[in-house]
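Source file: work-v9.txt; contents: compact mmCIF, C-alpha atoms.
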# COMPACT_ATOMS: atom_id res chain seq x y z
CA MET A 289 14.52 -29.17 -94.91
CA LEU A 290 15.39 -25.51 -94.32
CA THR A 291 15.26 -23.45 -91.15
CA VAL A 292 14.51 -19.75 -91.52
CA CYS A 293 15.37 -17.49 -88.59
CA LEU A 294 14.82 -13.75 -88.23
CA ALA A 295 16.93 -11.91 -85.69
CA ALA A 296 16.49 -8.21 -85.03
CA ARG A 297 17.93 -5.71 -82.61
CA VAL A 298 19.93 -2.50 -82.34
CA ALA A 299 23.44 -3.85 -82.80
CA LEU A 300 26.60 -3.63 -84.86
CA ALA A 301 26.24 -4.45 -88.53
CA ASP A 302 28.17 -5.80 -91.47
CA GLY A 303 31.00 -3.61 -92.80
CA CYS A 304 31.36 0.17 -92.66
CA TYR A 305 31.05 3.12 -95.01
CA ILE A 306 34.02 5.37 -95.76
CA PRO A 307 33.36 8.90 -97.06
CA ALA A 308 35.25 10.86 -99.70
CA GLN A 309 38.43 12.55 -98.49
CA ALA A 310 36.75 15.98 -98.34
CA VAL A 311 34.21 14.71 -95.78
CA ARG A 312 35.50 14.11 -92.27
CA LYS A 313 32.53 12.47 -90.58
CA VAL A 314 32.17 8.70 -90.93
CA PRO A 315 28.72 7.90 -92.44
CA ALA A 316 26.11 6.61 -90.02
CA ILE A 317 24.30 3.33 -90.72
CA PRO A 318 20.72 3.74 -89.39
CA ALA A 319 19.48 0.32 -90.52
CA GLN A 320 20.56 -2.83 -92.28
CA ARG A 321 18.84 -5.91 -93.68
CA ALA A 322 20.65 -9.05 -94.70
CA VAL A 323 20.03 -12.67 -95.67
CA VAL A 324 22.57 -15.40 -94.94
CA VAL A 325 22.06 -18.64 -96.87
CA TRP A 326 24.55 -21.38 -95.96
CA LYS A 327 24.81 -24.91 -97.33
CA ASP A 328 27.69 -27.36 -97.83
CA GLY A 329 30.41 -24.86 -96.98
CA VAL A 330 29.15 -22.09 -99.27
CA GLU A 331 27.47 -18.92 -98.02
CA THR A 332 25.37 -16.48 -100.01
CA LEU A 333 25.13 -13.10 -98.31
CA VAL A 334 22.59 -10.53 -99.50
CA VAL A 335 22.91 -7.23 -97.67
CA ALA A 336 21.34 -3.78 -97.97
CA SER A 337 22.68 -1.04 -95.74
CA ALA A 338 21.11 2.37 -95.22
CA LEU A 339 23.51 5.28 -94.83
CA ASP A 340 23.39 8.90 -93.72
CA SER A 341 26.22 11.10 -94.93
CA GLU A 342 26.93 14.43 -96.59
CA ALA A 343 29.24 12.64 -99.02
CA GLN A 344 28.22 11.52 -102.51
CA GLN A 345 31.41 9.51 -103.15
CA LEU A 346 31.50 6.61 -100.68
CA GLY A 347 33.33 3.38 -100.06
CA TRP A 348 31.65 0.42 -98.35
CA ILE A 349 34.11 -2.03 -96.78
CA ILE A 350 32.79 -5.56 -96.11
CA PRO A 351 35.17 -8.14 -94.59
CA LEU A 352 34.83 -11.66 -96.00
CA PRO A 353 36.49 -14.97 -95.05
CA GLY A 354 37.43 -15.62 -98.68
CA VAL A 355 37.38 -14.18 -102.19
CA PRO A 356 33.74 -14.29 -103.36
CA GLU A 357 33.00 -16.63 -106.22
CA GLU A 358 30.06 -14.47 -107.28
CA MET A 359 29.19 -10.79 -106.86
CA ALA A 360 25.88 -9.53 -108.21
CA ARG A 361 23.20 -6.89 -107.82
CA GLU A 362 20.09 -7.88 -105.89
CA THR A 363 16.72 -6.17 -106.02
CA PRO A 364 15.38 -4.85 -102.69
CA GLY A 365 12.08 -6.69 -103.12
CA ALA A 366 13.19 -9.98 -101.57
CA LEU A 367 14.48 -8.33 -98.39
CA LYS A 368 11.39 -6.16 -98.06
CA THR A 369 9.13 -9.17 -98.60
CA LEU A 370 10.93 -11.22 -95.95
CA SER A 371 10.71 -8.34 -93.51
CA PHE A 372 7.03 -7.79 -94.24
CA CYS A 373 6.12 -11.48 -93.91
CA LEU A 374 8.17 -12.30 -90.80
CA GLN A 375 8.44 -9.03 -88.91
CA PRO A 376 5.80 -8.82 -86.16
CA ARG A 377 6.09 -5.04 -85.91
CA ILE A 378 4.45 -2.69 -88.38
CA THR A 379 6.54 0.27 -89.52
CA HIS A 380 5.70 3.14 -91.81
CA GLU A 381 8.26 4.72 -94.12
CA LEU A 382 7.77 8.26 -95.35
CA SER A 383 8.16 8.79 -99.07
CA PRO A 384 11.49 10.47 -99.97
CA GLY A 385 9.52 12.90 -102.15
CA LEU A 386 7.27 14.08 -99.32
CA GLY A 387 9.42 17.11 -98.53
CA LEU A 388 9.55 18.14 -102.18
CA ALA A 389 5.77 17.79 -102.48
CA ILE A 390 5.20 19.95 -99.40
CA PHE A 391 7.56 22.61 -100.78
CA ALA A 392 5.76 22.57 -104.15
CA VAL A 393 2.37 23.00 -102.45
CA PHE A 394 3.77 25.89 -100.40
CA ILE A 395 5.09 27.68 -103.50
CA GLY A 396 1.83 27.04 -105.36
CA ASN A 397 -0.25 28.49 -102.51
CA LEU A 398 2.10 31.44 -102.24
CA VAL A 399 1.74 32.26 -105.94
CA LEU A 400 -2.03 31.81 -105.82
CA GLY A 401 -2.32 34.05 -102.75
CA VAL A 402 -0.31 36.82 -104.42
CA ILE A 403 -2.42 36.61 -107.60
CA LEU A 404 -5.69 36.79 -105.65
CA PHE A 405 -4.82 39.39 -103.01
CA LYS A 406 -1.64 41.28 -103.99
CA ARG A 407 -1.33 41.37 -107.75
CA HIS A 408 0.98 44.39 -107.58
CA ALA A 409 3.56 42.18 -105.83
CA PHE A 410 3.37 39.37 -108.41
CA LEU A 411 6.31 40.65 -110.47
CA GLY A 412 8.48 40.87 -107.36
CA LEU A 413 7.53 37.31 -106.41
CA LEU A 414 8.53 36.05 -109.86
CA CYS A 415 11.90 37.78 -109.55
CA TRP A 416 12.43 36.19 -106.13
CA LEU A 417 11.57 32.70 -107.43
CA ALA A 418 13.86 33.19 -110.43
CA SER A 419 16.72 34.22 -108.12
CA LEU A 420 16.08 31.16 -105.96
CA ALA A 421 16.18 28.88 -109.02
CA VAL A 422 19.44 30.44 -110.26
CA ALA A 423 21.04 30.06 -106.83
CA ALA A 424 20.00 26.40 -106.66
CA ALA A 425 21.36 25.78 -110.16
CA ILE A 426 24.74 27.22 -109.12
CA ILE A 427 25.03 25.63 -105.68
CA MET A 428 23.79 22.07 -106.36
CA PRO A 429 26.39 21.09 -109.01
CA ALA A 430 29.14 22.44 -106.74
CA LEU A 431 27.88 20.29 -103.88
CA ARG A 432 27.69 17.20 -106.08
CA THR A 433 31.27 17.53 -107.27
CA ALA A 434 32.71 18.33 -103.84
CA GLY A 435 35.08 15.62 -102.76
CA SER A 436 35.21 13.89 -106.14
CA SER A 437 38.61 12.73 -107.40
CA SER A 438 40.01 10.32 -109.90
CA ALA A 439 40.60 6.77 -108.67
CA THR A 440 44.07 5.36 -109.07
CA GLY A 441 45.56 2.01 -108.28
CA SER A 442 47.66 1.17 -105.22
CA ASN A 443 50.28 -1.52 -104.78
CA ALA A 444 49.79 -1.68 -100.99
CA ALA A 445 46.65 -3.85 -101.12
CA LEU A 446 46.46 -6.64 -103.69
CA VAL A 447 43.33 -6.53 -105.85
CA GLU A 448 42.12 -10.13 -106.05
CA LYS A 449 38.96 -9.54 -108.09
CA THR A 450 36.93 -6.73 -109.64
CA ALA A 451 33.31 -6.39 -110.74
CA LYS A 452 30.77 -3.79 -111.79
CA VAL A 453 27.56 -4.55 -109.87
CA GLY A 454 24.67 -2.16 -110.48
CA ALA A 455 25.63 1.19 -108.95
CA TYR A 456 28.73 -0.34 -107.33
CA ASP A 457 32.31 -0.77 -108.46
CA ILE A 458 33.67 -3.65 -106.35
CA LYS A 459 37.30 -4.57 -105.77
CA VAL A 460 38.20 -7.47 -103.50
CA LEU A 461 41.36 -6.52 -101.60
CA ARG A 462 43.89 -8.58 -99.69
CA ALA A 463 46.05 -6.57 -97.30
CA LYS A 464 48.97 -7.41 -95.05
CA ALA A 465 48.21 -4.62 -92.58
CA ALA A 466 45.57 -1.97 -91.90
CA LYS A 467 47.87 0.72 -93.35
CA ASP A 468 47.79 -1.11 -96.70
CA LEU A 469 44.02 -0.70 -96.79
CA ASP A 470 44.44 2.97 -95.79
CA GLU A 471 46.82 3.54 -98.70
CA TRP A 472 44.39 1.98 -101.18
CA LEU A 473 41.49 4.07 -99.87
CA ALA A 474 43.53 7.29 -100.05
CA ALA A 475 44.74 6.49 -103.59
CA ASN A 476 41.12 6.05 -104.64
CA GLY A 477 39.91 9.40 -103.25
CA LEU A 478 38.40 8.03 -100.03
CA ALA A 479 39.10 8.80 -96.39
CA VAL A 480 41.27 6.36 -94.45
CA LEU A 481 39.89 4.01 -91.82
CA PRO A 482 38.76 5.64 -88.56
CA ALA A 483 41.01 4.91 -85.60
CA ALA A 484 38.42 2.58 -84.07
CA GLY A 485 38.44 0.44 -87.22
CA ARG A 486 42.15 -0.41 -87.27
CA GLN A 487 42.09 -3.20 -84.70
CA PRO A 488 39.09 -5.00 -86.24
CA VAL A 489 40.77 -4.77 -89.66
CA ALA A 490 44.00 -6.14 -88.18
CA ASP A 491 42.05 -9.03 -86.64
CA TYR A 492 40.40 -9.87 -89.97
CA ILE A 493 43.77 -9.71 -91.77
CA GLY A 494 45.31 -11.98 -89.12
CA ASN A 495 42.60 -14.56 -89.86
CA GLY A 496 43.30 -14.42 -93.60
CA TRP A 497 40.15 -12.51 -94.55
CA VAL A 498 39.77 -10.23 -97.55
CA PHE A 499 37.81 -6.99 -97.96
CA ALA A 500 35.17 -6.18 -100.55
CA ALA A 501 35.77 -2.47 -101.24
CA ILE A 502 32.51 -1.29 -102.78
CA ARG A 503 32.63 2.18 -104.33
CA LEU A 504 29.34 4.06 -104.62
CA THR A 505 28.57 7.34 -106.38
CA ARG A 506 25.10 8.67 -105.61
CA ALA A 507 23.22 11.68 -106.94
CA ASN A 508 22.23 13.19 -103.60
CA ALA A 509 23.68 13.43 -100.11
CA GLY A 510 21.72 12.62 -96.97
CA GLU A 511 20.01 9.39 -95.93
CA ASN A 512 19.08 6.65 -98.38
CA THR A 513 19.47 2.91 -98.96
CA PRO A 514 21.47 1.83 -102.03
CA HIS A 515 20.41 -1.40 -103.72
CA PRO A 516 21.44 -4.69 -102.07
CA VAL A 517 24.50 -6.65 -103.13
CA ARG A 518 24.85 -10.45 -103.26
CA LEU A 519 28.16 -12.09 -102.37
CA MET A 520 28.82 -15.84 -102.55
CA PHE A 521 31.92 -17.29 -100.87
CA LYS A 522 33.24 -20.44 -99.23
CA THR A 523 33.25 -20.68 -95.44
CA PRO A 524 33.17 -23.69 -93.09
CA ALA A 525 30.40 -22.06 -91.04
CA PRO A 526 27.90 -19.27 -91.69
CA VAL A 527 29.31 -15.85 -90.78
CA TYR A 528 28.02 -12.31 -90.47
CA PRO A 529 30.99 -10.07 -89.55
CA MET A 530 29.95 -7.34 -87.12
CA LYS A 531 33.17 -5.75 -85.82
CA LEU A 532 33.93 -3.08 -88.38
CA THR A 533 30.68 -1.12 -88.16
CA ALA A 534 31.54 -0.18 -84.57
CA ALA A 535 34.17 2.14 -86.05
CA GLY A 536 31.46 4.53 -87.19
CA GLY A 537 29.75 4.66 -83.80
CA GLY A 538 26.03 5.14 -83.44
CA ARG A 539 23.29 2.52 -83.28
CA THR A 540 22.11 0.36 -86.15
CA ARG A 541 18.82 -1.50 -86.49
CA VAL A 542 19.68 -4.93 -87.92
CA GLU A 543 17.30 -7.45 -89.47
CA LEU A 544 19.19 -10.66 -90.22
CA PHE A 545 17.54 -13.63 -91.94
CA VAL A 546 19.40 -16.94 -91.76
CA ILE A 547 18.47 -19.83 -94.06
CA ALA A 548 20.27 -23.07 -93.19
CA ASN A 549 19.67 -26.66 -92.15
CA GLN A 550 19.56 -25.83 -88.45
CA ARG A 551 18.56 -23.06 -86.05
CA ALA A 552 20.79 -19.98 -85.81
CA SER A 553 21.22 -17.59 -82.89
CA ALA A 554 23.57 -14.84 -81.71
CA GLU A 555 24.10 -13.12 -78.36
CA LEU A 556 23.67 -9.57 -79.69
CA LEU A 557 20.52 -10.34 -81.66
CA ARG A 558 17.02 -11.17 -80.45
CA GLU A 559 15.27 -13.99 -82.26
CA GLU A 560 11.96 -12.83 -83.69
CA PHE A 561 10.93 -15.85 -85.75
CA CYS A 562 12.16 -19.36 -86.53
CA ASP A 563 10.45 -22.15 -88.50
CA ARG A 564 11.18 -25.18 -90.67
CA PHE A 565 10.13 -25.60 -94.29
CA ILE A 566 10.20 -28.92 -96.14

Would you encode the structure as C-alpha cells?
Amino acid sequence: MLTVCLAARVALADGCYIPAQAVRKVPAIPAQRAVVVWKDGVETLVVASALDSEAQQLGWIIPLPGVPEEMARETPGALKTLSFCLQPRITHELSPGLGLAIFAVFIGNLVLGVILFKRHAFLGLLCWLASLAVAAAIIMPALRTAGSSSATGSNAALVEKTAKVGAYDIKVLRAKAAKDLDEWLAANGLAVLPAAGRQPVADYIGNGWVFAAIRLTRANAGENTPHPVRLMFKTPAPVYPMKLTAAGGGRTRVELFVIANQRASAELLREEFCDRFI
C-alpha cells in the first residue's frame, strides 16, 4: 500500500543555484517540483528546479544525507503528469517561442507595409535589417562566453563521486567547512556561496551531509527549467532539505509529491491531496 501526498505553497526549496564568477546576482528559483519516494531506508528524489539568471554557466548545490547510490537524468513528463492529475488549480504556461513569433510577425508586417506603401524606402529597410542581424551575430556569442572558464580540481572539498547526467556534470563533495566548498566553487569558475548560505552549509556539514554540485551549461540566459535529476540515497527517514535556497532570497512555488507507506506533512507546506493506492 502506498500513500501519495501533494504539498504546495510558496516556500523554501531544495538546494540553491550558484552563478558563474562574472555574475554577481544569485539566480532566483521561481518554481520547483519534486517527488520523494521512500521505502526501507532508501529515498529516491526527483527534482526539477526553474531558474532565472543572466548566467549561462551555473552550479546547482543540493545537500544530501549521504553519497547517492544512483544519479540519473529524468524526463519532465512524470512531474508534469503528477502535477496535472493531482493539482486542483489550472495554470497556463506561455510558450518560450511566443516572443520570437511576435517579433517575426512584426518584421514581416513591416516589410510588407514598406513594399505596399513606400517602395522607395525598401532598400533602406533591408540595410537596417542587415545591420541588426550583424549586430546580433556579434553580440550574442560574446554574451554566451561571458563568465566561462576552465574547471579545475580543488583539494579543499573531497570529491566522493562523479557522473555525467544529461546536461549536468555532477560531483558529490564532502567538505569539512563552508570555506572548503567555496574554494571548490571558485576553482571551478563559479561564484562562492552567498553570506546567507554559510550557516546552512555549516549545519549540513556538522550533520555529516554531502553536497551534489551539479554544473549546468545552457545556451541562453534568462528563465527556464533544466531537465529533472534523479538521486537515490540511504536515509533513515524521508528528507527534503529546504535551508539552502533561502540564501538566494525571493519566493519559490514548491510542488512536492511524497510516495511512502504513510501520510507526510510539513509545517511550511499546505497539503493539497493525499490518498492510498493498493

ask   = Hey, which of A:Leu478, A:Ala483, A:Val489, A:Leu446 ends up closest to Ala465 in chain A? Count only C-alpha atoms.
value = A:Val489

task = Please indicate the distance in Å from CA of Val453 in chain A to CA of Val355 in chain A, rounded to one decimal place.
result = 15.8 Å

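Straight-line separation from CA of Pro514 in chain A to CA of Asp340 in chain A: 11.1 Å.
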
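Closest approach to Lys522 in chain A from the set A:Gly347, A:Gly354, A:Pro318, A:Pro482 is made by A:Gly354, with distances taken over all atoms listed in the file.
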
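CA of Ala343 in chain A lies 10.0 Å from CA of Ala507 in chain A.
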
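Minimum atom-to-atom distance to Gly510 in chain A, evaluated using only C-alpha atoms, belongs to A:Glu342 out of A:Glu342, A:Asp457, A:Asp470, A:Asp491.
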
key: Selection as a ChimeraX atom specification: residues within 8 Å of (31.3, -16.7, -101.6), counting all atoms listed in the file   = /A:330-333,354-358,519-523

Please produce a file of those selected residues containing C-alpha atoms, as a PDB file, in the frame of the given file.
ATOM      1  CA  VAL A 330      29.150 -22.090 -99.270  1.00  0.00           C
ATOM      2  CA  GLU A 331      27.470 -18.920 -98.020  1.00  0.00           C
ATOM      3  CA  THR A 332      25.370 -16.480-100.010  1.00  0.00           C
ATOM      4  CA  LEU A 333      25.130 -13.100 -98.310  1.00  0.00           C
ATOM      5  CA  GLY A 354      37.430 -15.620 -98.680  1.00  0.00           C
ATOM      6  CA  VAL A 355      37.380 -14.180-102.190  1.00  0.00           C
ATOM      7  CA  PRO A 356      33.740 -14.290-103.360  1.00  0.00           C
ATOM      8  CA  GLU A 357      33.000 -16.630-106.220  1.00  0.00           C
ATOM      9  CA  GLU A 358      30.060 -14.470-107.280  1.00  0.00           C
ATOM     10  CA  LEU A 519      28.160 -12.090-102.370  1.00  0.00           C
ATOM     11  CA  MET A 520      28.820 -15.840-102.550  1.00  0.00           C
ATOM     12  CA  PHE A 521      31.920 -17.290-100.870  1.00  0.00           C
ATOM     13  CA  LYS A 522      33.240 -20.440 -99.230  1.00  0.00           C
ATOM     14  CA  THR A 523      33.250 -20.680 -95.440  1.00  0.00           C
TER      15      THR A 523
END

ask   = Of the candidates A:Met359, A:Ala319, A:Ala501, A:Ala423, which shows the shortest atom-to-atom distance to Arg541 in chain A, using all atoms listed in the file?
value = A:Ala319

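Minimum distance to Gly329 in chain A across A:Pro353, A:Ala479, A:Val542, A:Leu346 (counting all atoms listed in the file) occurs at A:Pro353.
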
inquiry  = Using all atoms listed in the file and a cutoff of 10 Å, can you tell me which residues are near (38.6, -4.9, -102.6) in the file's coordinates, and write them out as an MDAnalysis selection string?
reply    = chainID A and resid 348:351 355 445:451 457:463 469 472:473 498:503
